[in-house]
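Coordinates as given in run_39.cif (mmCIF, C-alpha atoms):
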data_query
loop_
_atom_site.group_PDB
_atom_site.id
_atom_site.type_symbol
_atom_site.label_atom_id
_atom_site.label_comp_id
_atom_site.auth_asym_id
_atom_site.auth_seq_id
_atom_site.Cartn_x
_atom_site.Cartn_y
_atom_site.Cartn_z
ATOM 1 C CA MET A 1032 11.806 -11.100 -20.712
ATOM 2 C CA LYS A 1033 9.927 -7.835 -20.269
ATOM 3 C CA LEU A 1034 11.702 -4.491 -20.284
ATOM 4 C CA LEU A 1035 10.842 -2.110 -17.454
ATOM 5 C CA ASP A 1036 10.886 1.122 -19.431
ATOM 6 C CA GLY A 1037 11.462 3.879 -16.907
ATOM 7 C CA LYS A 1038 11.420 6.603 -19.538
ATOM 8 C CA ALA A 1039 7.933 5.663 -20.723
ATOM 9 C CA LEU A 1040 6.598 5.185 -17.181
ATOM 10 C CA SER A 1041 8.069 8.503 -16.108
ATOM 11 C CA ALA A 1042 6.258 10.236 -18.973
ATOM 12 C CA ARG A 1043 2.937 8.663 -17.963
ATOM 13 C CA ILE A 1044 3.299 9.682 -14.333
ATOM 14 C CA LYS A 1045 4.280 13.231 -15.311
ATOM 15 C CA ASP A 1046 1.091 13.423 -17.383
ATOM 16 C CA GLU A 1047 -0.876 12.303 -14.317
ATOM 17 C CA ILE A 1048 0.844 14.937 -12.169
ATOM 18 C CA ALA A 1049 0.181 17.632 -14.780
ATOM 19 C CA GLU A 1050 -3.528 16.773 -14.700
ATOM 20 C CA GLN A 1051 -3.600 17.061 -10.900
ATOM 21 C CA VAL A 1052 -1.781 20.397 -11.003
ATOM 22 C CA ALA A 1053 -4.191 21.716 -13.647
ATOM 23 C CA GLN A 1054 -7.098 20.830 -11.339
ATOM 24 C CA ILE A 1055 -5.348 22.522 -8.409
ATOM 25 C CA LYS A 1056 -4.875 25.699 -10.468
ATOM 26 C CA ALA A 1057 -8.492 25.641 -11.619
ATOM 27 C CA GLN A 1058 -9.629 25.447 -8.010
ATOM 28 C CA GLY A 1059 -7.294 28.243 -6.908
ATOM 29 C CA GLY A 1060 -5.123 25.920 -4.839
ATOM 30 C CA ASN A 1061 -1.429 25.967 -4.043
ATOM 31 C CA VAL A 1062 0.678 25.272 -7.138
ATOM 32 C CA PRO A 1063 3.739 23.135 -6.278
ATOM 33 C CA HIS A 1064 7.017 25.068 -6.148
ATOM 34 C CA LEU A 1065 10.327 23.205 -6.221
ATOM 35 C CA ALA A 1066 13.686 24.897 -5.713
ATOM 36 C CA ALA A 1067 17.108 23.468 -6.494
ATOM 37 C CA VAL A 1068 20.517 24.630 -5.308
ATOM 38 C CA LEU A 1069 23.401 23.812 -7.647
ATOM 39 C CA VAL A 1070 26.966 24.376 -6.498
ATOM 40 C CA GLY A 1071 29.834 24.180 -8.983
ATOM 41 C CA ASP A 1072 29.945 23.009 -12.581
ATOM 42 C CA ASP A 1073 29.852 19.208 -12.379
ATOM 43 C CA PRO A 1074 28.379 18.112 -15.758
ATOM 44 C CA ALA A 1075 26.305 15.258 -14.310
ATOM 45 C CA SER A 1076 24.827 17.532 -11.636
ATOM 46 C CA GLN A 1077 24.067 20.238 -14.193
ATOM 47 C CA SER A 1078 22.312 17.736 -16.444
ATOM 48 C CA TYR A 1079 20.306 16.313 -13.560
ATOM 49 C CA VAL A 1080 19.179 19.717 -12.298
ATOM 50 C CA LYS A 1081 18.281 20.804 -15.845
ATOM 51 C CA SER A 1082 16.094 17.714 -16.115
ATOM 52 C CA LYS A 1083 14.370 18.635 -12.855
ATOM 53 C CA VAL A 1084 13.671 22.188 -14.024
ATOM 54 C CA ASN A 1085 12.299 20.987 -17.379
ATOM 55 C CA SER A 1086 10.130 18.397 -15.624
ATOM 56 C CA CYS A 1087 8.704 21.102 -13.355
ATOM 57 C CA HIS A 1088 7.674 23.152 -16.356
ATOM 58 C CA ARG A 1089 6.097 20.133 -18.034
ATOM 59 C CA CYS A 1090 3.995 19.367 -14.952
ATOM 60 C CA GLY A 1091 2.909 22.949 -14.333
ATOM 61 C CA PHE A 1092 5.094 23.434 -11.255
ATOM 62 C CA GLU A 1093 6.846 26.646 -10.358
ATOM 63 C CA SER A 1094 10.602 26.207 -10.085
ATOM 64 C CA THR A 1095 13.563 28.167 -8.774
ATOM 65 C CA LEU A 1096 17.201 27.425 -9.563
ATOM 66 C CA ILE A 1097 19.930 28.868 -7.364
ATOM 67 C CA LYS A 1098 23.394 28.476 -8.920
ATOM 68 C CA LYS A 1099 26.592 29.155 -6.990
ATOM 69 C CA ASP A 1100 30.234 28.601 -7.877
ATOM 70 C CA ASP A 1101 32.250 25.978 -6.015
ATOM 71 C CA GLY A 1102 34.016 28.656 -3.984
ATOM 72 C CA ILE A 1103 30.932 29.263 -1.851
ATOM 73 C CA SER A 1104 31.581 28.824 1.843
ATOM 74 C CA GLU A 1105 29.742 26.349 4.022
ATOM 75 C CA SER A 1106 28.219 29.176 6.056
ATOM 76 C CA GLU A 1107 26.967 30.908 2.892
ATOM 77 C CA LEU A 1108 25.327 27.693 1.703
ATOM 78 C CA LEU A 1109 23.744 27.196 5.125
ATOM 79 C CA ASP A 1110 22.308 30.727 4.853
ATOM 80 C CA ILE A 1111 20.720 29.800 1.500
ATOM 81 C CA VAL A 1112 19.211 26.676 3.073
ATOM 82 C CA ALA A 1113 17.848 28.749 5.967
ATOM 83 C CA ASP A 1114 16.263 31.231 3.544
ATOM 84 C CA LEU A 1115 14.568 28.414 1.620
ATOM 85 C CA ASN A 1116 13.359 26.863 4.873
ATOM 86 C CA ASP A 1117 11.723 30.171 5.812
ATOM 87 C CA ASN A 1118 10.297 30.995 2.381
ATOM 88 C CA PRO A 1119 6.549 30.200 2.447
ATOM 89 C CA ASP A 1120 6.412 30.149 -1.366
ATOM 90 C CA ILE A 1121 8.799 27.176 -1.605
ATOM 91 C CA ASP A 1122 7.123 23.812 -0.969
ATOM 92 C CA GLY A 1123 10.248 21.695 -1.290
ATOM 93 C CA PHE A 1124 13.869 22.024 -2.295
ATOM 94 C CA ILE A 1125 16.990 20.012 -2.921
ATOM 95 C CA VAL A 1126 20.681 20.774 -2.608
ATOM 96 C CA GLN A 1127 22.301 18.864 -5.468
ATOM 97 C CA LEU A 1128 25.051 16.460 -4.439
ATOM 98 C CA PRO A 1129 27.996 16.068 -4.556
ATOM 99 C CA LEU A 1130 29.173 19.292 -2.934
ATOM 100 C CA PRO A 1131 32.731 20.663 -2.913
ATOM 101 C CA GLN A 1132 35.038 18.899 -0.461
ATOM 102 C CA HIS A 1133 35.222 21.852 1.924
ATOM 103 C CA ILE A 1134 31.473 21.601 2.600
ATOM 104 C CA ASP A 1135 30.097 18.990 5.006
ATOM 105 C CA GLU A 1136 27.233 17.330 3.100
ATOM 106 C CA SER A 1137 25.717 15.865 6.257
ATOM 107 C CA LYS A 1138 25.598 19.301 7.879
ATOM 108 C CA ILE A 1139 23.730 20.685 4.872
ATOM 109 C CA THR A 1140 21.286 17.750 4.857
ATOM 110 C CA LEU A 1141 20.559 18.201 8.555
ATOM 111 C CA ALA A 1142 19.945 21.926 8.040
ATOM 112 C CA ILE A 1143 17.107 21.317 5.563
ATOM 113 C CA ASP A 1144 13.651 21.539 7.119
ATOM 114 C CA HIS A 1145 12.338 17.961 7.041
ATOM 115 C CA ARG A 1146 8.963 19.305 5.904
ATOM 116 C CA LYS A 1147 10.634 20.568 2.712
ATOM 117 C CA ASP A 1148 13.050 17.646 2.307
ATOM 118 C CA VAL A 1149 11.581 16.289 -0.926
ATOM 119 C CA ASP A 1150 14.776 14.300 -1.560
ATOM 120 C CA GLY A 1151 13.864 12.223 1.503
ATOM 121 C CA PHE A 1152 17.367 12.288 3.015
ATOM 122 C CA HIS A 1153 16.702 14.000 6.361
ATOM 123 C CA PRO A 1154 16.958 11.644 9.374
ATOM 124 C CA ILE A 1155 13.380 12.485 10.386
ATOM 125 C CA ASN A 1156 12.047 11.314 7.031
ATOM 126 C CA VAL A 1157 14.334 8.268 7.030
ATOM 127 C CA GLY A 1158 13.214 7.378 10.556
ATOM 128 C CA ARG A 1159 9.535 7.776 9.704
ATOM 129 C CA MET A 1160 10.072 5.627 6.614
ATOM 130 C CA ALA A 1161 11.699 2.901 8.716
ATOM 131 C CA GLN A 1162 8.713 2.880 11.075
ATOM 132 C CA GLY A 1163 6.188 2.797 8.248
ATOM 133 C CA LEU A 1164 4.943 6.315 8.958
ATOM 134 C CA PRO A 1165 4.060 8.824 6.227
ATOM 135 C CA SER A 1166 7.209 10.507 4.937
ATOM 136 C CA TYR A 1167 8.955 11.744 1.836
ATOM 137 C CA LEU A 1168 10.647 8.669 0.415
ATOM 138 C CA PRO A 1169 14.156 8.913 -1.064
ATOM 139 C CA ALA A 1170 13.630 9.600 -4.764
ATOM 140 C CA THR A 1171 15.404 6.626 -6.347
ATOM 141 C CA PRO A 1172 13.909 3.965 -4.031
ATOM 142 C CA PHE A 1173 10.499 5.620 -4.472
ATOM 143 C CA GLY A 1174 10.958 5.314 -8.230
ATOM 144 C CA ILE A 1175 11.827 1.613 -7.899
ATOM 145 C CA LEU A 1176 8.641 1.010 -5.904
ATOM 146 C CA GLN A 1177 6.621 2.726 -8.620
ATOM 147 C CA MET A 1178 8.181 0.501 -11.283
ATOM 148 C CA LEU A 1179 7.410 -2.675 -9.340
ATOM 149 C CA GLU A 1180 3.880 -1.605 -8.488
ATOM 150 C CA ARG A 1181 2.867 -0.416 -11.939
ATOM 151 C CA ALA A 1182 4.305 -3.505 -13.622
ATOM 152 C CA GLU A 1183 2.279 -5.585 -11.122
ATOM 153 C CA ILE A 1184 5.384 -7.477 -10.025
ATOM 154 C CA GLU A 1185 4.641 -9.598 -6.961
ATOM 155 C CA THR A 1186 6.979 -8.836 -4.061
ATOM 156 C CA SER A 1187 5.202 -10.462 -1.109
ATOM 157 C CA GLY A 1188 7.113 -13.506 0.104
ATOM 158 C CA LYS A 1189 9.879 -13.010 -2.451
ATOM 159 C CA HIS A 1190 13.586 -12.962 -1.649
ATOM 160 C CA CYS A 1191 15.042 -9.579 -2.620
ATOM 161 C CA VAL A 1192 18.817 -9.202 -2.780
ATOM 162 C CA VAL A 1193 20.073 -5.612 -2.697
ATOM 163 C CA VAL A 1194 23.625 -5.059 -3.910
ATOM 164 C CA GLY A 1195 25.100 -1.932 -2.292
ATOM 165 C CA ARG A 1196 24.345 -0.280 1.049
ATOM 166 C CA SER A 1197 24.421 3.465 0.304
ATOM 167 C CA ASN A 1198 22.127 5.789 2.231
ATOM 168 C CA ILE A 1199 20.730 7.018 -1.083
ATOM 169 C CA VAL A 1200 19.591 3.690 -2.579
ATOM 170 C CA GLY A 1201 20.667 0.388 -1.029
ATOM 171 C CA THR A 1202 19.779 0.892 2.613
ATOM 172 C CA PRO A 1203 16.417 2.664 2.090
ATOM 173 C CA ILE A 1204 15.169 0.245 -0.583
ATOM 174 C CA SER A 1205 16.058 -2.685 1.692
ATOM 175 C CA ILE A 1206 13.885 -1.118 4.399
ATOM 176 C CA LEU A 1207 11.022 -0.289 2.048
ATOM 177 C CA LEU A 1208 10.793 -3.766 0.531
ATOM 178 C CA SER A 1209 10.888 -5.434 3.937
ATOM 179 C CA ARG A 1210 7.991 -3.338 5.284
ATOM 180 C CA LYS A 1211 4.476 -4.670 5.677
ATOM 181 C CA ALA A 1212 3.191 -2.925 2.569
ATOM 182 C CA SER A 1213 2.681 -3.310 -1.159
ATOM 183 C CA PRO A 1214 5.179 -3.347 -2.760
ATOM 184 C CA GLY A 1215 6.928 -4.948 0.179
ATOM 185 C CA ASN A 1216 6.739 -8.004 2.417
ATOM 186 C CA CYS A 1217 10.007 -9.270 0.939
ATOM 187 C CA THR A 1218 12.686 -11.209 2.721
ATOM 188 C CA VAL A 1219 15.610 -8.866 2.095
ATOM 189 C CA THR A 1220 19.328 -9.568 2.009
ATOM 190 C CA LEU A 1221 21.554 -6.481 1.867
ATOM 191 C CA THR A 1222 24.935 -7.282 0.303
ATOM 192 C CA HIS A 1223 28.014 -5.101 -0.032
ATOM 193 C CA SER A 1224 31.788 -5.122 -0.537
ATOM 194 C CA ARG A 1225 32.396 -7.293 2.543
ATOM 195 C CA THR A 1226 29.824 -9.958 1.672
ATOM 196 C CA LYS A 1227 31.467 -13.356 1.264
ATOM 197 C CA ASP A 1228 30.738 -15.198 -1.992
ATOM 198 C CA ILE A 1229 28.495 -12.349 -3.090
ATOM 199 C CA GLY A 1230 27.698 -14.047 -6.404
ATOM 200 C CA ALA A 1231 26.123 -17.024 -4.635
ATOM 201 C CA VAL A 1232 24.028 -14.718 -2.454
ATOM 202 C CA ILE A 1233 22.817 -12.680 -5.429
ATOM 203 C CA ARG A 1234 21.902 -15.894 -7.235
ATOM 204 C CA GLU A 1235 19.313 -16.615 -4.517
ATOM 205 C CA GLY A 1236 17.366 -13.458 -5.312
ATOM 206 C CA ASP A 1237 13.906 -13.513 -6.847
ATOM 207 C CA ILE A 1238 14.364 -9.753 -7.115
ATOM 208 C CA VAL A 1239 17.848 -8.263 -7.501
ATOM 209 C CA ILE A 1240 18.461 -4.543 -7.059
ATOM 210 C CA ALA A 1241 21.938 -3.534 -8.199
ATOM 211 C CA ALA A 1242 23.285 -0.269 -6.778
ATOM 212 C CA ILE A 1243 26.990 -0.873 -6.227
ATOM 213 C CA GLY A 1244 28.469 1.503 -8.799
ATOM 214 C CA ILE A 1245 30.698 -0.981 -10.639
ATOM 215 C CA PRO A 1246 30.184 -1.405 -14.406
ATOM 216 C CA HIS A 1247 28.859 -4.849 -15.376
ATOM 217 C CA PHE A 1248 29.484 -6.202 -11.874
ATOM 218 C CA ILE A 1249 26.573 -8.637 -12.107
ATOM 219 C CA ASP A 1250 26.781 -11.200 -14.885
ATOM 220 C CA ALA A 1251 24.542 -14.073 -15.953
ATOM 221 C CA SER A 1252 26.156 -16.540 -13.540
ATOM 222 C CA MET A 1253 24.806 -14.474 -10.609
ATOM 223 C CA ILE A 1254 21.170 -14.422 -11.736
ATOM 224 C CA LYS A 1255 18.697 -17.273 -11.456
ATOM 225 C CA GLU A 1256 16.130 -17.996 -14.125
ATOM 226 C CA GLY A 1257 13.064 -15.774 -13.964
ATOM 227 C CA ALA A 1258 14.531 -13.175 -11.616
ATOM 228 C CA VAL A 1259 13.465 -9.531 -11.651
ATOM 229 C CA VAL A 1260 16.520 -7.295 -12.068
ATOM 230 C CA ILE A 1261 16.496 -3.579 -11.236
ATOM 231 C CA ASP A 1262 19.746 -1.895 -12.312
ATOM 232 C CA VAL A 1263 20.350 1.417 -10.549
ATOM 233 C CA GLY A 1264 23.956 1.833 -11.698
ATOM 234 C CA ILE A 1265 24.937 4.556 -14.157
ATOM 235 C CA ASN A 1266 28.592 4.186 -15.084
ATOM 236 C CA ARG A 1267 30.694 5.800 -17.795
ATOM 237 C CA VAL A 1268 32.943 3.453 -19.771
ATOM 238 C CA GLU A 1269 35.277 4.492 -22.550
ATOM 239 C CA ASP A 1270 33.952 3.962 -26.056
ATOM 240 C CA GLU A 1271 35.913 5.471 -28.928
ATOM 241 C CA SER A 1272 33.070 4.712 -31.332
ATOM 242 C CA ARG A 1273 30.897 7.288 -29.563
ATOM 243 C CA LYS A 1274 31.215 10.990 -30.333
ATOM 244 C CA ARG A 1275 31.552 11.865 -26.663
ATOM 245 C CA GLY A 1276 34.124 9.118 -26.101
ATOM 246 C CA TYR A 1277 32.117 7.089 -23.624
ATOM 247 C CA ARG A 1278 28.833 5.257 -23.123
ATOM 248 C CA LEU A 1279 26.645 4.656 -20.112
ATOM 249 C CA VAL A 1280 26.267 1.154 -18.682
ATOM 250 C CA GLY A 1281 24.713 -0.264 -15.551
ATOM 251 C CA ASP A 1282 25.976 -2.451 -12.735
ATOM 252 C CA VAL A 1283 24.401 -5.386 -14.588
ATOM 253 C CA HIS A 1284 25.785 -6.919 -17.778
ATOM 254 C CA PHE A 1285 22.505 -6.388 -19.617
ATOM 255 C CA ASP A 1286 23.190 -8.478 -22.736
ATOM 256 C CA GLU A 1287 24.108 -11.531 -20.648
ATOM 257 C CA VAL A 1288 21.526 -11.182 -17.913
ATOM 258 C CA ALA A 1289 18.436 -10.168 -19.911
ATOM 259 C CA GLU A 1290 17.962 -13.654 -21.368
ATOM 260 C CA LYS A 1291 17.466 -15.121 -17.875
ATOM 261 C CA CYS A 1292 15.137 -12.450 -16.459
ATOM 262 C CA SER A 1293 11.395 -12.118 -16.243
ATOM 263 C CA PHE A 1294 11.792 -8.325 -15.963
ATOM 264 C CA ILE A 1295 14.838 -6.054 -16.284
ATOM 265 C CA THR A 1296 15.550 -2.315 -16.427
ATOM 266 C CA PRO A 1297 17.793 -0.866 -19.133
ATOM 267 C CA VAL A 1298 20.599 1.649 -18.605
ATOM 268 C CA PRO A 1299 20.041 4.360 -19.567
ATOM 269 C CA GLY A 1300 16.259 4.722 -19.610
ATOM 270 C CA GLY A 1301 15.391 2.589 -16.601
ATOM 271 C CA VAL A 1302 15.516 3.789 -12.995
ATOM 272 C CA GLY A 1303 17.131 7.144 -13.830
ATOM 273 C CA PRO A 1304 14.059 8.918 -15.247
ATOM 274 C CA MET A 1305 11.975 7.666 -12.319
ATOM 275 C CA THR A 1306 14.214 9.445 -9.814
ATOM 276 C CA VAL A 1307 13.255 12.881 -11.134
ATOM 277 C CA THR A 1308 9.591 11.861 -11.338
ATOM 278 C CA SER A 1309 9.619 10.725 -7.711
ATOM 279 C CA LEU A 1310 10.995 14.103 -6.691
ATOM 280 C CA LEU A 1311 8.001 15.725 -8.386
ATOM 281 C CA MET A 1312 5.626 13.332 -6.611
ATOM 282 C CA ASN A 1313 7.146 14.295 -3.257
ATOM 283 C CA THR A 1314 6.884 18.002 -4.100
ATOM 284 C CA LEU A 1315 3.224 17.616 -5.008
ATOM 285 C CA LYS A 1316 2.639 15.942 -1.637
ATOM 286 C CA ALA A 1317 4.491 18.807 0.072
ATOM 287 C CA SER A 1318 2.399 21.458 -1.653
ATOM 288 C CA GLN A 1319 -0.817 19.724 -0.593
ATOM 289 C CA LYS A 1320 0.401 19.134 2.998
ATOM 290 C CA GLU A 1321 -0.154 15.375 2.662
ATOM 291 C CA ILE A 1322 2.718 14.418 4.982
ATOM 292 C CA TYR A 1323 3.178 17.411 7.273
ATOM 293 C CA ALA A 1324 0.417 19.930 7.995
#
Structure translated into structure tokens:
Amino acid sequence: MKLLDGKALSARIKDEIAEQVAQIKAQGGNVPHLAAVLVGDDPASQSYVKSKVNSCHRCGFESTLIKKDDGISESELLDIVADLNDNPDIDGFIVQLPLPQHIDESKITLAIDHRKDVDGFHPINVGRMAQGLPSYLPATPFGILQMLERAEIETSGKHCVVVGRSNIVGTPISILLSRKASPGNCTVTLTHSRTKDIGAVIREGDIVIAAIGIPHFIDASMIKEGAVVIDVGINRVEDESRKRGYRLVGDVHFDEVAEKCSFITPVPGGVGPMTVTSLLMNTLKASQKEIYA
């Protein structure tokens, strides 16, 4: 079993990005500028945005953080999005989810200029991705592709089983791995809460991507020998032995499953760090006009 260390890979890619940005600065080019909008005081969102800001500094990016309390109106947030769309100094930006219940997340996503949608959620980017056209890829699926590619894991002709059909992870990664590309060329099965005998279906997977949001949902009985397991889940479970009263676990029962795998990601330290890194990769592309002129 080989561990797919997302933390270490993320650090290497950030070093590569920093080198590119240093060259851009030396040549007087456009330095990438990422903005983030944070609404409310959700601890997970605050931690995630802080990580993005710190990563920007490490890579030589410019960054802007716009913080608003959860009483902001939908129209006020839409005005902020419009300002960022029109600001020529901002190459890409994200509105951190989740948003307060009184704000329509889909309306906010649709309001973001697809040319600055470095999260890869806008329907134009999703549609271009589905057709194999250049686009900003959703950050977590993009990170998974990087992990597979850099570990030289063969995907062509393999059966990939995706567990979970969210628009953020499950659905886009199923599209990406089925495309005629590398990584790609998989036969993909997308499973979800209505899949009958889901354990038997998962057991057929040469590559299993777990993104269902249920702690330890996948156990050893669901994994065949030699499978590659990518665990996207980040779940809090109570643990009185920890100072904070909880610990983070994935959707996969790591201790059981690891013995059967050829490759597996840990939680934490697996896919999570790659999500932020992918956002930086998209922002670098945006600053250099690689996708949209």
Name every residue that the PyMOL selection byres ((chain A and resi 1224) around 10) selects in this structure, writing the answer as an mmCIF file with C-alpha atoms, keeping the file's coordinate frame with chains first and numbers rising.
data_model
loop_
_atom_site.group_PDB
_atom_site.id
_atom_site.type_symbol
_atom_site.label_atom_id
_atom_site.label_comp_id
_atom_site.auth_asym_id
_atom_site.auth_seq_id
_atom_site.Cartn_x
_atom_site.Cartn_y
_atom_site.Cartn_z
ATOM 1 C CA VAL A 1194 23.625 -5.059 -3.910
ATOM 2 C CA GLY A 1195 25.100 -1.932 -2.292
ATOM 3 C CA ARG A 1196 24.345 -0.280 1.049
ATOM 4 C CA THR A 1222 24.935 -7.282 0.303
ATOM 5 C CA HIS A 1223 28.014 -5.101 -0.032
ATOM 6 C CA ARG A 1225 32.396 -7.293 2.543
ATOM 7 C CA THR A 1226 29.824 -9.958 1.672
ATOM 8 C CA LYS A 1227 31.467 -13.356 1.264
ATOM 9 C CA ILE A 1229 28.495 -12.349 -3.090
ATOM 10 C CA ILE A 1243 26.990 -0.873 -6.227
#
Carefully work through the PyMOL selection byres ((chain A and resi 1283) around 8) for this structure and note down the residues it includes, as a PDB file with C-alpha atoms, in the frame of the given file.
ATOM      1  CA  ALA A1241      21.938  -3.534  -8.199  1.00  0.00           C
ATOM      2  CA  PRO A1246      30.184  -1.405 -14.406  1.00  0.00           C
ATOM      3  CA  HIS A1247      28.859  -4.849 -15.376  1.00  0.00           C
ATOM      4  CA  PHE A1248      29.484  -6.202 -11.874  1.00  0.00           C
ATOM      5  CA  ILE A1249      26.573  -8.637 -12.107  1.00  0.00           C
ATOM      6  CA  ASP A1250      26.781 -11.200 -14.885  1.00  0.00           C
ATOM      7  CA  ASP A1262      19.746  -1.895 -12.312  1.00  0.00           C
ATOM      8  CA  GLY A1264      23.956   1.833 -11.698  1.00  0.00           C
ATOM      9  CA  VAL A1280      26.267   1.154 -18.682  1.00  0.00           C
ATOM     10  CA  GLY A1281      24.713  -0.264 -15.551  1.00  0.00           C
ATOM     11  CA  ASP A1282      25.976  -2.451 -12.735  1.00  0.00           C
ATOM     12  CA  HIS A1284      25.785  -6.919 -17.778  1.00  0.00           C
ATOM     13  CA  PHE A1285      22.505  -6.388 -19.617  1.00  0.00           C
ATOM     14  CA  VAL A1288      21.526 -11.182 -17.913  1.00  0.00           C
TER      15      VAL A1288
END
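Using all atoms listed in the file, the contacts of range 1085-1092 of chain A at a cut-off of 8 Å, with sequence neighbours closer than 5 positions omitted, comprise Lys1045, Asp1046, Ile1048, Ala1049, Glu1050, Val1052, Ala1053, Val1062, Pro1063, His1064, Leu1065, Val1307, Thr1308 and Leu1311 of chain A.
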Handout entry: Contact residues around Ala1231 in chain A with all atoms listed in the file at 10 Å, ignoring same-chain residues under 5 positions, as a list in words
Key =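 The contact residues come out as Gly1236, Ser1252, Met1253 and Ile1254 of chain A.
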Could you tell me which residues the PyMOL selection byres ((chain A and resi 1137-1141) around 12) returns for this structure, as a tab-separated table (two decimals) with C-alpha atoms, in the frame of the given file?
chain	number	residue	atom	x	y	z
A	1068	VAL	CA	20.52	24.63	-5.31
A	1104	SER	CA	31.58	28.82	1.84
A	1105	GLU	CA	29.74	26.35	4.02
A	1106	SER	CA	28.22	29.18	6.06
A	1107	GLU	CA	26.97	30.91	2.89
A	1108	LEU	CA	25.33	27.69	1.70
A	1109	LEU	CA	23.74	27.20	5.12
A	1110	ASP	CA	22.31	30.73	4.85
A	1111	ILE	CA	20.72	29.80	1.50
A	1112	VAL	CA	19.21	26.68	3.07
A	1113	ALA	CA	17.85	28.75	5.97
A	1116	ASN	CA	13.36	26.86	4.87
A	1124	PHE	CA	13.87	22.02	-2.30
A	1125	ILE	CA	16.99	20.01	-2.92
A	1126	VAL	CA	20.68	20.77	-2.61
A	1127	GLN	CA	22.30	18.86	-5.47
A	1128	LEU	CA	25.05	16.46	-4.44
A	1129	PRO	CA	28.00	16.07	-4.56
A	1130	LEU	CA	29.17	19.29	-2.93
A	1131	PRO	CA	32.73	20.66	-2.91
A	1132	GLN	CA	35.04	18.90	-0.46
A	1133	HIS	CA	35.22	21.85	1.92
A	1134	ILE	CA	31.47	21.60	2.60
A	1135	ASP	CA	30.10	18.99	5.01
A	1136	GLU	CA	27.23	17.33	3.10
A	1142	ALA	CA	19.94	21.93	8.04
A	1143	ILE	CA	17.11	21.32	5.56
A	1144	ASP	CA	13.65	21.54	7.12
A	1145	HIS	CA	12.34	17.96	7.04
A	1146	ARG	CA	8.96	19.30	5.90
A	1147	LYS	CA	10.63	20.57	2.71
A	1148	ASP	CA	13.05	17.65	2.31
A	1149	VAL	CA	11.58	16.29	-0.93
A	1150	ASP	CA	14.78	14.30	-1.56
A	1151	GLY	CA	13.86	12.22	1.50
A	1152	PHE	CA	17.37	12.29	3.02
A	1153	HIS	CA	16.70	14.00	6.36
A	1154	PRO	CA	16.96	11.64	9.37
A	1155	ILE	CA	13.38	12.48	10.39
A	1156	ASN	CA	12.05	11.31	7.03
A	1157	VAL	CA	14.33	8.27	7.03
A	1198	ASN	CA	22.13	5.79	2.23
Could you check which residues have any atom within 9 Å of (13.4, -1.7, 4.2), counting only C-alpha atoms with coordinates taken straight from the file, and then list them as an mmCIF file with C-alpha atoms, keeping the file's coordinate frame?
data_model
loop_
_atom_site.group_PDB
_atom_site.id
_atom_site.type_symbol
_atom_site.label_atom_id
_atom_site.label_comp_id
_atom_site.auth_asym_id
_atom_site.auth_seq_id
_atom_site.Cartn_x
_atom_site.Cartn_y
_atom_site.Cartn_z
ATOM 1 C CA MET A 1160 10.072 5.627 6.614
ATOM 2 C CA ALA A 1161 11.699 2.901 8.716
ATOM 3 C CA THR A 1202 19.779 0.892 2.613
ATOM 4 C CA PRO A 1203 16.417 2.664 2.090
ATOM 5 C CA ILE A 1204 15.169 0.245 -0.583
ATOM 6 C CA SER A 1205 16.058 -2.685 1.692
ATOM 7 C CA ILE A 1206 13.885 -1.118 4.399
ATOM 8 C CA LEU A 1207 11.022 -0.289 2.048
ATOM 9 C CA LEU A 1208 10.793 -3.766 0.531
ATOM 10 C CA SER A 1209 10.888 -5.434 3.937
ATOM 11 C CA ARG A 1210 7.991 -3.338 5.284
ATOM 12 C CA GLY A 1215 6.928 -4.948 0.179
ATOM 13 C CA CYS A 1217 10.007 -9.270 0.939
ATOM 14 C CA VAL A 1219 15.610 -8.866 2.095
#
Problem - Counting only C-alpha atoms, the residue of A:Gly1158, A:Pro1214, A:Pro1169, A:Gly1037 that sits nearest Glu1183 in chain A - result: A:Pro1214
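The residue that comes closest to Ser1309 in chain A, out of A:Ser1094, A:Ser1082, A:Gln1177, A:Asn1266 and on the basis of only C-alpha atoms, is A:Gln1177.
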Practice task
In Å, rounded to a single decimal, give me how far CA of Val1200 in chain A is from CA of Gly1300 in chain A.
Solution key: 17.4 Å
Handout entry: CA of Arg1181 in chain A to CA of Gln1162 in chain A, straight-line distance in Å
Key = 24.0 Å
